[in-house]
Amino acid sequence: MGAEIAALGSLLGLTSAFALVGTGLAAWMAWRIVEKAGLPGWTGLGAVLITLTGIGTVVPLILLWVFAFMRWPRDEHRAVLFVPGAPAATMPNPQLAPPRPALPAAAAAASPMARGWQLSGAGYTLSFNATSGTWIVTGGTAEKASDLSLPDPSIGRPHARLLVAGDRLGLEDLGSPGGTMIDGARLLPEHGPRDVSAARTIRFGTIDLALSRS
Amino acid sequence: MWHLLRDWALMNASIVSWLFGLGSLLLFAVLVVHLLFALLLIIPTWRICSRAGFSGALSLFHLVPLIGSFVVMAILAFSTWPAGEAARERR
């Protein structure tokens, strides 16, 4: 009898250890998922860890539904399409964007003296001075005046299109295999041109470039 | 003597069939409850998967008992979302 109780006890101990590991794993994954949606990671972690309390699984289930149908911060600062020539009033609402202390590009954008744009990093500098126009980022040699050459195997030929309209800068991925990222967020060809005036870093393939006004 | 044996066999058969009936009913009830609970997870996860850029059918992994939910969460947590992700913490 004693042996049976001991065996049952160890089995229960084992299952509760598995449950604990499973909950920890789920909490970590929930942290990563909500961060990708633009929410603070602790909200996902907390939602899963609630299952350890006496509330049970009802509250996390409700939170899952809320998460699925709520507005995600990710969509709020990526939603506005770049329309060349559109007035600045169609820019994303700065109230919606997360606070960005000491943002060099945005700060310089407010200055009437700022004219051109500069992308620099990894030994490369791409600069273009104009208030309107289109530039093509390519991994090959610059054949036209509007080509910006980034001779790197991870850069497509062509890789991306940069559009300048007034004080705004747009970026469009042209289906390059190396990919394009805006502040760590993937830009796909189907997204079309995006307003990147307030972005800090643009990644073409494996090259990270800091965006600033020149 | 013979009719006693026959009664005993009949009783046994009825008990066995009754147990079978109860077992299949229980199994059916467990299946229905599992499906209902999975549906409660599948509907929001379908939407999350499609907003992330994956096929919504990925959420059907919730139908797999025990590990299904972990599989969906792992795919969402450790892959690059095709529809784009929020910018990571500013450096």
# chains A, B, ... in the order shown; residues from 1 in each chain; ligands from 1

$ interface_residues --of "chain B" --to "chain A" --cutoff "7 Å" --atoms "only C-alpha atoms" --output "list in words"
Pro44, Thr45, Arg47, Ile48, Phe70, Met73, Ala74, Leu76, Ala77, Gly84, Glu85, Ala86, Ala87 and Arg88 of chain B

$ write_last_selection --atoms "C-alpha atoms" --output "PDB file, in the first residue's frame"
ATOM      1  CA  PRO B  44      -9.123  33.419 -31.957  1.00  0.00           C
ATOM      2  CA  THR B  45      -5.970  31.575 -33.062  1.00  0.00           C
ATOM      3  CA  ARG B  47      -7.497  35.208 -36.594  1.00  0.00           C
ATOM      4  CA  ILE B  48      -4.077  35.651 -34.958  1.00  0.00           C
ATOM      5  CA  PHE B  70       2.351  24.309 -28.056  1.00  0.00           C
ATOM      6  CA  MET B  73       2.472  28.904 -30.174  1.00  0.00           C
ATOM      7  CA  ALA B  74       5.989  27.819 -31.157  1.00  0.00           C
ATOM      8  CA  LEU B  76       3.965  32.005 -33.983  1.00  0.00           C
ATOM      9  CA  ALA B  77       6.727  32.742 -31.461  1.00  0.00           C
ATOM     10  CA  GLY B  84       5.483  41.899 -40.637  1.00  0.00           C
ATOM     11  CA  GLU B  85       6.303  42.338 -36.986  1.00  0.00           C
ATOM     12  CA  ALA B  86       6.350  45.311 -34.684  1.00  0.00           C
ATOM     13  CA  ALA B  87       9.711  47.026 -34.390  1.00  0.00           C
ATOM     14  CA  ARG B  88      11.846  45.488 -31.673  1.00  0.00           C
TER      15      ARG B  88
END

$ residues_around --residues "Leu171 (chain A)" --least-positions-apart "4" --cutoff "8 Å" --atoms "only C-alpha atoms" --output "JSON, numbers by chain"
{"A": [160, 161, 162, 163, 193, 194, 195, 196]}

$ select_by_dssp --residues "region 150-204 of chain A" --states "strand (DSSP E)" --output "list in words"
Ala160, Arg161, Leu162, Leu163, Val164, Ala165, Arg168, Leu169, Gly170, Leu171, Glu172, Asp173, Thr180, Met181, Ile182, Ala185, Arg186, Leu187, Arg194, Asp195, Thr201, Ile202, Arg203 and Phe204 of chain A

$ write_last_selection --atoms "C-alpha atoms" --output "short mmCIF file (atom, residue, chain, number, x, y, z; two decimals), in the first residue's frame"
data_model
loop_
_atom_site.label_atom_id
_atom_site.label_comp_id
_atom_site.auth_asym_id
_atom_site.auth_seq_id
_atom_site.Cartn_x
_atom_site.Cartn_y
_atom_site.Cartn_z
CA ALA A 160 14.30 48.27 -53.13
CA ARG A 161 12.89 51.58 -54.25
CA LEU A 162 13.26 54.80 -52.25
CA LEU A 163 10.77 57.59 -52.93
CA VAL A 164 11.21 61.18 -51.80
CA ALA A 165 8.23 63.53 -51.68
CA ARG A 168 8.90 62.45 -46.53
CA LEU A 169 10.75 59.32 -47.50
CA GLY A 170 9.07 56.16 -48.76
CA LEU A 171 10.51 52.69 -49.15
CA GLU A 172 9.28 49.77 -51.23
CA ASP A 173 10.77 46.29 -51.37
CA THR A 180 14.17 44.60 -46.27
CA MET A 181 13.52 45.53 -42.64
CA ILE A 182 12.31 48.85 -41.19
CA ALA A 185 10.04 44.88 -38.99
CA ARG A 186 9.97 42.96 -42.26
CA LEU A 187 8.83 44.92 -45.33
CA ARG A 194 5.82 52.60 -46.75
CA ASP A 195 6.55 55.92 -45.10
CA THR A 201 17.40 51.88 -39.19
CA ILE A 202 16.77 50.26 -42.55
CA ARG A 203 18.17 46.82 -43.26
CA PHE A 204 18.81 45.72 -46.83
#

$ atom_distance --atom1 "CA of Leu119 (chain A)" --atom2 "CA of Leu209 (chain A)"
5.4 Å

$ residues_around --residues "Ala122 (chain A)" --least-positions-apart "5" --cutoff "10 Å" --atoms "only C-alpha atoms" --output "list in words"
Thr206, Ile207, Asp208, Leu209 and Ala210 of chain A

$ write_last_selection --atoms "C-alpha atoms" --output "mmCIF file, in the first residue's frame"
data_model
loop_
_atom_site.group_PDB
_atom_site.id
_atom_site.type_symbol
_atom_site.label_atom_id
_atom_site.label_comp_id
_atom_site.auth_asym_id
_atom_site.auth_seq_id
_atom_site.Cartn_x
_atom_site.Cartn_y
_atom_site.Cartn_z
ATOM 1 C CA THR A 206 22.469 41.772 -44.212
ATOM 2 C CA ILE A 207 23.407 45.464 -44.224
ATOM 3 C CA ASP A 208 22.093 47.708 -41.441
ATOM 4 C CA LEU A 209 21.930 51.365 -42.379
ATOM 5 C CA ALA A 210 21.082 54.257 -40.062
#

$ closest_residue --among "A:Gly121, A:Gly166, A:Pro60, A:Gly133" --to "Leu150 (chain A)" --atoms "only C-alpha atoms"
A:Gly121

$ residues_around --residues "region 17-33 of chain B" --least-positions-apart "5" --cutoff "12 Å" --atoms "only C-alpha atoms" --output "ChimeraX atom specification"
/B:10-12,38-40,63-65

$ write_last_selection --atoms "C-alpha atoms" --output "short mmCIF file (atom, residue, chain, number, x, y, z; two decimals), in the first residue's frame"
data_model
loop_
_atom_site.label_atom_id
_atom_site.label_comp_id
_atom_site.auth_asym_id
_atom_site.auth_seq_id
_atom_site.Cartn_x
_atom_site.Cartn_y
_atom_site.Cartn_z
CA LEU B 10 -28.10 -13.34 -20.74
CA MET B 11 -27.40 -11.13 -17.74
CA ASN B 12 -23.71 -11.13 -18.55
CA ALA B 38 -10.62 23.32 -29.17
CA LEU B 39 -13.08 25.50 -31.07
CA LEU B 40 -12.83 28.12 -28.31
CA LEU B 63 -7.28 19.68 -32.28
CA VAL B 64 -4.17 17.66 -31.44
CA PRO B 65 -4.43 16.83 -27.74
#

$ atom_distance --atom1 "CA of Ala52 (chain B)" --atom2 "CA of Ser176 (chain A)"
20.5 Å

$ closest_residue --among "B:Trp81, B:Trp8, B:Phe37, B:Trp2" --to "Ser69 (chain B)" --atoms "only C-alpha atoms"
B:Phe37
